[in-house]
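Enquirer: The following file, entry_13.txt, comprises compact mmCIF, C-alpha atoms:
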# COMPACT_ATOMS: atom_id res chain seq x y z
CA MET A 48 18.08 176.12 153.72
CA ARG A 49 18.43 176.34 149.95
CA PHE A 50 14.66 176.17 149.53
CA VAL A 51 14.14 179.01 152.02
CA ARG A 52 16.70 181.19 150.26
CA ALA A 53 15.15 180.51 146.86
CA LEU A 54 11.68 181.33 148.20
CA VAL A 55 12.83 184.59 149.80
CA GLY A 56 14.68 185.60 146.64
CA MET A 57 11.66 184.95 144.42
CA LEU A 58 9.39 186.96 146.74
CA LEU A 59 11.82 189.88 146.60
CA LEU A 60 11.81 189.73 142.80
CA VAL A 61 8.02 189.50 142.62
CA VAL A 62 7.72 192.72 144.63
CA GLY A 63 10.79 194.53 143.34
CA ILE A 64 10.28 194.19 139.56
CA PRO A 65 6.70 195.65 139.50
CA ALA A 66 7.79 198.44 141.86
CA LEU A 67 10.68 199.31 139.54
CA LEU A 68 8.47 199.29 136.44
CA LEU A 69 5.76 201.37 138.10
CA GLY A 70 8.33 203.87 139.35
CA ALA A 71 9.79 204.17 135.86
CA GLY A 72 6.31 204.80 134.44
CA LEU A 73 5.52 207.50 137.01
CA TRP A 74 8.89 209.13 136.44
CA THR A 75 8.21 209.21 132.67
CA VAL A 76 4.81 210.81 133.27
CA ASP A 77 6.28 213.33 135.69
CA ARG A 78 8.78 214.41 133.03
CA GLN A 79 5.86 215.48 130.82
CA SER A 80 4.61 218.09 133.28
CA ALA A 81 4.95 221.83 132.79
CA PRO A 82 7.78 223.77 134.49
CA ASP A 83 5.41 224.64 137.35
CA GLY A 84 4.58 220.94 137.87
CA THR A 85 1.09 220.95 136.36
CA PHE A 86 -0.47 218.78 133.67
CA GLY A 87 -2.80 220.58 131.28
CA ALA A 88 -5.31 219.42 128.67
CA GLN A 89 -7.56 221.34 126.35
CA VAL A 90 -11.22 220.32 126.16
CA GLU A 91 -13.15 220.31 122.90
CA PRO A 92 -15.31 223.41 122.43
CA VAL A 93 -18.71 223.00 124.07
CA ARG A 94 -21.79 224.68 122.58
CA THR A 95 -25.37 224.53 123.72
CA PRO A 96 -28.47 226.68 123.16
CA GLY A 97 -29.25 226.37 126.85
CA HIS A 98 -28.21 228.54 129.78
CA ALA A 99 -25.57 226.30 131.39
CA VAL A 100 -23.39 223.21 131.09
CA VAL A 101 -23.67 221.00 134.18
CA VAL A 102 -21.67 218.06 135.49
CA ALA A 103 -24.30 216.40 137.71
CA ASP A 104 -21.80 214.57 139.99
CA VAL A 105 -18.20 215.77 139.69
CA ASP A 106 -16.72 213.12 141.99
CA ALA A 107 -18.44 210.28 140.13
CA LEU A 108 -17.21 211.61 136.77
CA LEU A 109 -13.63 211.88 137.99
CA ARG A 110 -13.77 208.45 139.60
CA ALA A 111 -14.98 206.89 136.34
CA GLU A 112 -12.91 208.80 133.77
CA ALA A 113 -9.77 210.05 135.55
CA PRO A 114 -9.33 208.57 139.06
CA PHE A 115 -5.74 209.83 139.35
CA THR A 116 -7.03 213.44 139.41
CA ARG A 117 -8.73 212.83 142.76
CA GLN A 118 -5.31 212.82 144.50
CA GLY A 119 -4.20 216.24 143.24
CA ARG A 120 -5.42 219.81 142.89
CA LEU A 121 -7.69 220.47 139.91
CA ARG A 122 -8.10 223.79 138.11
CA LEU A 123 -10.68 224.45 135.40
CA THR A 124 -10.71 227.57 133.26
CA ALA A 125 -13.57 228.60 130.94
CA ARG A 126 -14.22 231.44 128.53
CA THR A 127 -17.19 232.42 126.41
CA ALA A 128 -17.25 234.54 123.28
CA ASP A 129 -17.96 237.57 125.51
CA GLY A 130 -15.25 236.94 128.11
CA PRO A 131 -14.61 234.76 131.20
CA ALA A 132 -17.36 232.33 132.18
CA PHE A 133 -18.78 231.64 135.63
CA LEU A 134 -17.82 228.32 137.25
CA GLY A 135 -19.30 227.03 140.50
CA LEU A 136 -19.56 223.92 142.67
CA ALA A 137 -22.80 223.45 144.60
CA PRO A 138 -24.90 220.62 146.08
CA ALA A 139 -26.52 218.60 143.31
CA ASP A 140 -30.07 218.96 144.71
CA GLU A 141 -29.79 222.76 144.83
CA VAL A 142 -28.48 222.94 141.25
CA ARG A 143 -31.19 220.59 140.00
CA ARG A 144 -33.99 222.68 141.50
CA TRP A 145 -32.46 225.95 140.32
CA LEU A 146 -31.92 224.92 136.69
CA ALA A 147 -34.96 222.68 136.29
CA PRO A 148 -37.15 225.42 134.69
CA VAL A 149 -34.54 226.40 132.05
CA PRO A 150 -32.81 224.37 129.30
CA HIS A 151 -29.25 223.31 130.09
CA ALA A 152 -26.80 220.67 128.88
CA THR A 153 -25.54 217.82 131.03
CA VAL A 154 -22.06 216.33 130.63
CA ASP A 155 -22.23 212.55 130.37
CA ARG A 156 -18.56 211.81 129.72
CA VAL A 157 -15.15 213.41 129.27
CA ALA A 158 -12.82 210.89 127.63
CA LEU A 159 -9.03 210.88 127.96
CA ALA A 160 -7.38 211.11 124.53
CA ARG A 161 -4.52 212.70 122.65
CA GLY A 162 -5.25 216.26 121.75
CA PRO A 163 -8.43 218.00 122.93
CA LEU A 164 -10.54 215.91 125.29
CA PRO A 165 -13.88 214.90 123.73
CA VAL A 166 -17.03 215.73 125.70
CA ARG A 167 -20.36 213.94 125.35
CA LEU A 168 -23.42 216.06 126.23
CA THR A 169 -27.12 215.55 126.72
CA ASP A 170 -28.35 218.74 125.04
CA PRO A 171 -31.69 220.40 125.91
CA ALA A 172 -34.34 221.66 123.50
CA ALA A 173 -33.49 224.91 121.79
CA ALA A 174 -36.50 226.71 123.20
CA ALA A 175 -37.28 227.21 126.86
CA PRO A 176 -40.57 225.75 128.14
CA ALA A 177 -43.57 227.98 128.61
CA GLY A 178 -43.55 229.96 131.83
CA SER A 179 -39.75 229.73 132.24
CA PRO A 180 -38.18 232.25 134.61
CA SER A 181 -36.59 235.42 133.33
CA ALA A 182 -32.87 235.72 132.69
CA ALA A 183 -32.48 237.69 135.90
CA SER A 184 -33.40 234.62 137.98
CA THR A 185 -30.61 232.57 136.35
CA VAL A 186 -27.77 234.92 137.28
CA PRO A 187 -25.37 232.56 139.11
CA ILE A 188 -23.61 235.14 141.26
CA ASP A 189 -26.85 235.88 143.14
CA GLN A 190 -27.24 232.27 144.35
CA PRO A 191 -26.21 231.50 147.95
CA PHE A 192 -25.49 227.76 147.70
CA TRP A 193 -22.07 227.76 146.02
CA VAL A 194 -19.33 225.77 147.77
CA ARG A 195 -16.65 226.99 145.34
CA GLU A 196 -17.08 229.66 142.67
CA GLY A 197 -15.06 231.86 140.36
CA ILE A 198 -15.11 233.99 137.24
CA GLY A 199 -12.90 232.57 134.51
CA ALA A 200 -11.44 229.78 136.66
CA ILE A 201 -12.16 227.55 139.64
CA GLU A 202 -9.72 225.47 141.67
CA TRP A 203 -10.40 222.76 144.23
CA ASN A 204 -9.03 219.58 145.78
CA PRO A 205 -11.25 216.66 144.68
CA ALA A 206 -10.18 214.55 147.66
CA GLU A 207 -11.48 217.15 150.12
CA LEU A 208 -14.90 217.33 148.46
CA ALA A 209 -15.27 213.62 147.63
CA GLY A 210 -18.57 212.01 148.57
CA ARG A 211 -20.49 215.29 148.98
CA GLY A 212 -22.58 215.00 145.80
CA LEU A 213 -21.52 218.28 144.21
CA SER A 214 -22.42 219.52 140.73
CA LEU A 215 -20.24 221.72 138.54
CA VAL A 216 -22.00 224.53 136.69
CA VAL A 217 -20.46 226.56 133.83
CA MET A 218 -22.45 229.45 132.33
CA ARG A 219 -22.33 233.12 131.44
CA PRO A 220 -21.98 235.48 134.41
CA ASP A 221 -25.28 237.14 133.41
CA GLY A 222 -27.09 233.80 132.92
CA ARG A 223 -27.96 234.28 129.23
CA ALA A 224 -28.60 231.32 126.93
CA ASP A 225 -26.81 230.24 123.73
CA LEU A 226 -23.59 229.22 125.40
CA ALA A 227 -20.23 228.50 123.69
CA LEU A 228 -17.34 227.51 125.98
CA ASP A 229 -13.59 227.03 125.63
CA LEU A 230 -12.46 224.86 128.53
CA ARG A 231 -9.06 223.84 129.83
CA ALA A 232 -8.28 221.50 132.73
CA GLU A 233 -5.06 221.53 134.76
CA LEU A 234 -3.91 219.09 137.42
CA ARG A 235 -1.19 219.64 139.99
CA ALA A 236 -0.06 216.30 141.46
CA GLY A 237 2.70 217.02 143.96
CA TRP A 238 2.89 213.36 144.99
CA LEU A 239 3.88 212.07 141.54
CA GLY A 240 7.62 212.87 141.64
CA PRO A 241 8.29 211.63 145.21
CA ALA A 242 6.25 208.47 144.59
CA ALA A 243 8.24 207.74 141.42
CA TRP A 244 11.59 208.06 143.21
CA VAL A 245 10.45 205.96 146.18
CA LEU A 246 9.28 203.17 143.88
CA LEU A 247 12.47 203.32 141.81
CA ALA A 248 14.70 203.18 144.88
CA GLY A 249 12.63 200.45 146.51
CA GLY A 250 12.58 198.36 143.34
CA VAL A 251 16.35 198.59 142.86
CA LEU A 252 16.95 197.73 146.53
CA LEU A 253 14.64 194.70 146.47
CA ILE A 254 16.13 193.38 143.23
CA GLY A 255 19.65 193.83 144.63
CA LEU A 256 18.73 191.93 147.79
CA ALA A 257 17.18 189.17 145.69
CA GLY A 258 20.43 188.86 143.72
CA LEU A 259 22.46 188.56 146.92
CA VAL A 260 20.14 185.92 148.32
CA LEU A 261 19.94 183.83 145.13
CA LEU A 262 23.54 184.13 143.89
CA ARG A 263 25.48 183.93 147.13
CA PRO A 264 27.31 180.57 147.26
CA ILE A 265 26.35 178.17 150.02
CA ARG A 266 29.27 177.19 152.24
CA PRO A 267 29.48 173.44 152.97
CA ARG A 268 28.85 172.38 156.53
CA GLU A 269 31.56 170.78 158.63
CA VAL A 270 30.48 167.82 160.75
CA VAL A 271 32.48 167.08 163.87
CA PHE A 272 32.11 163.69 165.56
CA VAL A 273 32.94 163.39 169.26
CA VAL A 274 33.43 159.72 170.14
CA GLU A 275 35.10 157.71 172.83
CA PRO A 276 38.51 156.23 171.99
CA ASP A 277 37.16 152.69 172.05
CA GLN A 278 34.49 153.66 169.50
CA VAL A 279 36.99 154.92 166.91
CA PRO A 280 37.53 151.49 165.27
CA VAL A 281 33.76 150.99 164.99
CA LEU A 282 33.28 154.43 163.42
CA ALA A 283 36.23 153.88 161.09
CA GLY A 284 34.74 150.60 159.95
CA ARG A 285 31.36 152.15 159.22
CA LEU A 286 32.98 154.97 157.25
CA GLY A 287 35.14 152.56 155.33
CA VAL A 288 38.40 153.95 156.75
CA SER A 289 41.15 151.55 157.68
CA SER A 290 43.13 153.79 160.06
CA LEU A 291 42.85 156.89 162.16
CA SER A 292 44.70 158.87 159.50
CA GLY A 293 41.78 158.21 157.16
CA LEU A 294 39.53 160.10 159.55
CA GLY A 295 41.74 163.14 159.37
CA ALA A 296 43.15 162.56 162.89
CA PRO A 297 46.92 162.82 163.45
CA GLU A 298 48.85 159.71 164.16
CA PRO A 299 49.38 159.16 167.88
CA SER A 300 52.77 160.41 169.08
CA PRO A 301 54.96 158.23 171.25
CA GLU A 302 54.01 158.56 174.83
CA ARG A 303 56.45 160.19 177.17
CA GLN A 304 58.04 158.20 179.97
CA LEU A 305 58.27 159.34 183.52
CA VAL A 306 61.93 159.37 184.46
CA SER A 307 63.15 160.41 187.85
CA VAL A 308 66.55 161.25 189.04
CA GLY A 309 68.31 158.11 190.11
CA THR A 310 66.24 155.81 187.95
CA PRO A 311 68.42 153.10 186.50
CA ALA A 312 69.33 153.56 182.89
CA ALA A 313 67.81 150.18 182.10
CA ALA A 314 64.42 151.45 183.21
CA ILE A 315 64.59 154.35 180.76
CA GLY A 316 62.95 153.40 177.52
CA ALA A 317 60.89 150.68 179.13
CA GLY A 318 57.53 150.09 177.62
CA PRO A 319 54.20 151.09 179.03
CA ALA A 320 54.08 147.98 181.17
CA ASP A 321 57.10 149.19 183.23
CA ARG A 322 55.68 152.66 183.71
CA PRO A 323 54.46 153.50 187.26
CA THR A 324 50.71 153.89 187.28
CA THR A 325 50.41 156.05 190.44
CA LEU A 326 52.59 158.42 192.43
CA ALA A 327 52.92 155.74 195.08
CA ASP A 328 54.77 153.50 192.61
CA LEU A 329 57.48 156.09 191.99
CA PRO A 330 60.86 155.45 193.62
CA PRO A 331 61.55 157.43 196.80
CA TRP A 332 62.83 160.92 196.48
CA PRO A 333 65.52 161.94 197.02
CA PRO A 334 67.20 158.68 196.14
CA GLU A 335 69.27 157.00 198.81
CA ARG A 336 73.03 157.38 198.44
CA PRO A 337 75.34 154.40 199.06
CA ALA A 338 77.14 154.39 202.43
CA GLU A 339 80.56 156.07 202.38
CA THR A 340 83.45 153.78 203.00
CA GLY A 341 86.33 154.84 205.15
CA ARG A 342 89.23 156.38 203.29
CA PRO A 343 92.57 154.51 203.54
CA ASP A 344 94.97 155.92 205.97
CA ALA A 345 97.39 158.21 204.39
CA ALA A 346 100.18 156.44 206.25
CA ASP A 347 99.27 153.17 204.52
What would you get if you wrote out this structure as structure tokens?
Expert:
Amino acid sequence: MRFVRALVGMLLLVVGIPALLLGAGLWTVDRQSAPDGTFGAQVEPVRTPGHAVVVADVDALLRAEAPFTRQGRLRLTARTADGPAFLGLAPADEVRRWLAPVPHATVDRVALARGPLPVRLTDPAAAAPAGSPSAASTVPIDQPFWVREGIGAIEWNPAELAGRGLSLVVMRPDGRADLALDLRAELRAGWLGPAAWVLLAGGVLLIGLAGLVLLRPIRPREVVFVVEPDQVPVLAGRLGVSSLSGLGAPEPSPERQLVSVGTPAAAIGAGPADRPTTLADLPPWPPERPAETGRPDAAD
């Protein structure tokens, strides 16, 4: 029984302590959010001589660099020197065919760091190849394949669009080259606060149960022997007890004697040998009275 209790208590501690620590970490992170519950980060300025900045596979980038953002709602804002930029999500094949004739930069990595987030780009050549399409053909608003789009900002739920192979495109609304972007990312994770409190409460509960299981004193067992009267001396001898009082049994009380009305006084107090063994051995009841003798004559 002690082994089982120790095993259960250790299992409760193994689960409860990590849950408590994780809940405390999530609660600390949740305290750093803005009053509206969002987490924001500025991105380093991005500049390219090309027409656009493209994230080839948004879901793959988030999964590699910031997997926690895939369980919230993501908002990306972008501005150019001339005003708000165009942002759009579209199938990767469509974006690749559309931007293949013109120079554009591809985002390889966005690292998490203190301060502005550094961005690593694969930058195109400064000059467009011969026979490139005119600027009018690179106007993003005219394209029909956008899944999400916006001017100045775009917002989407990464979990809803996961696995669809979407590309993110950021460029001027008119499609002109020589792009300079100021980007900011915001994440709204509504699950963070409730998850932190659930883990904190669960961790405290499991640790409390573990303390009860491990620290509760074990009550000694009481063993009761049921033996026949003639086996008491044998049991007393094996236990090393010389009398019945050593076994915790009370000393036998004197046995009562059966006394009936009319029993001679000499029979009272007789030992067990003089005691009737059955009802048939009892004296008759009611006892016989001696015969009355005639009273003397009053004249005598």
Enquirer: Could you state the separation of CA of Val102 in chain A and CA of Val216 in chain A in Å, given to one decimal place?
Expert: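 CA of Val216 in chain A lies at a distance of 6.6 Å from CA of Val102 in chain A.
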Enquirer: Would you list the residues near (-21.8, 222.5, 141.8), meaning any protein, DNA or RNA residue with an atom at most 12 Å from that point in file coordinates, counting all atoms listed in the file, as a ChimeraX atom specification?
Expert: /A:99-106,133-143,145-146,187,190-197,201,203,208,211-218
Enquirer: Around all listed atoms of range 208-216 of chain A, padded 3 Å per side, what centre and edge lengths does the axis-aligned box have in Å to one decimal, as JSON?
Expert:
{"center_x": -18.7, "center_y": 218.3, "center_z": 142.8, "size_x": 13.7, "size_y": 18.5, "size_z": 18.3}
Enquirer: Name the closest residue to Trp244 in chain A among the candidates A:Ala132, A:Ala71, A:Leu109, A:Ala147; distances are taken between atoms, counting only C-alpha atoms.
Expert: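 Among the listed residues, the smallest separation from Trp244 in chain A belongs to A:Ala71.
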Enquirer: For CA of Leu159 in chain A and CA of Thr127 in chain A, determine how far apart the two atoms are, in Å to one decimal place.
Expert: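 Here the two named atoms are 23.1 Å from each other.
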Enquirer: Need the neighbours of (-10.5, 210.4, 135.3): which residues are at most 12 Å away, counting all atoms listed in the file, as a list in words?
Expert: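 The residues that fall inside the cut-off are Val105, Asp106, Ala107, Leu108, Leu109, Arg110, Ala111, Glu112, Ala113, Pro114, Phe115, Thr116, Arg117, Gln118, Gly119, Leu121, Arg156, Val157, Ala158, Leu159, Ala160, Leu164, Pro205, Ala232 and Leu234 of chain A.
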Enquirer: Quick check, in Å to one decimal: how far apart do CA of Pro92 in chain A and CA of Glu202 in chain A lie?
Expert: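 Computed distance, CA of Pro92 in chain A to CA of Glu202 in chain A, equals 20.1 Å.
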Enquirer: So that I can check the surroundings of Gly70 in chain A, please list as a compact mmCIF listing (two decimals) with C-alpha atoms, keeping the file's coordinate frame every protein, DNA and RNA residue that reaches within 8 Å of it, counting all atoms listed in the file and ignoring chain neighbours fewer than 5 positions away.
Expert:
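Once everything was written out, this is result-v3.txt:
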# COMPACT_ATOMS: atom_id res chain seq x y z
CA ALA A 242 6.25 208.47 144.59
CA ALA A 243 8.24 207.74 141.42
CA TRP A 244 11.59 208.06 143.21
CA VAL A 245 10.45 205.96 146.18
CA LEU A 246 9.28 203.17 143.88
CA LEU A 247 12.47 203.32 141.81
Enquirer: Can you tell me which residues surround Gly250 in chain A at a distance of at most 7 Å, considering only C-alpha atoms, apart from same-chain residues fewer than 6 positions away, and format the answer as a list in words?
Expert: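 Once the adjacent positions are removed, what remains is Gly63, Ile64, Ala66 and Leu67 of chain A.
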Enquirer: For Arg161 in chain A, which residue among A:Val61, A:Leu228, A:Val149, A:Val90 is the nearest when counting all atoms listed in the file?
Expert: A:Val90
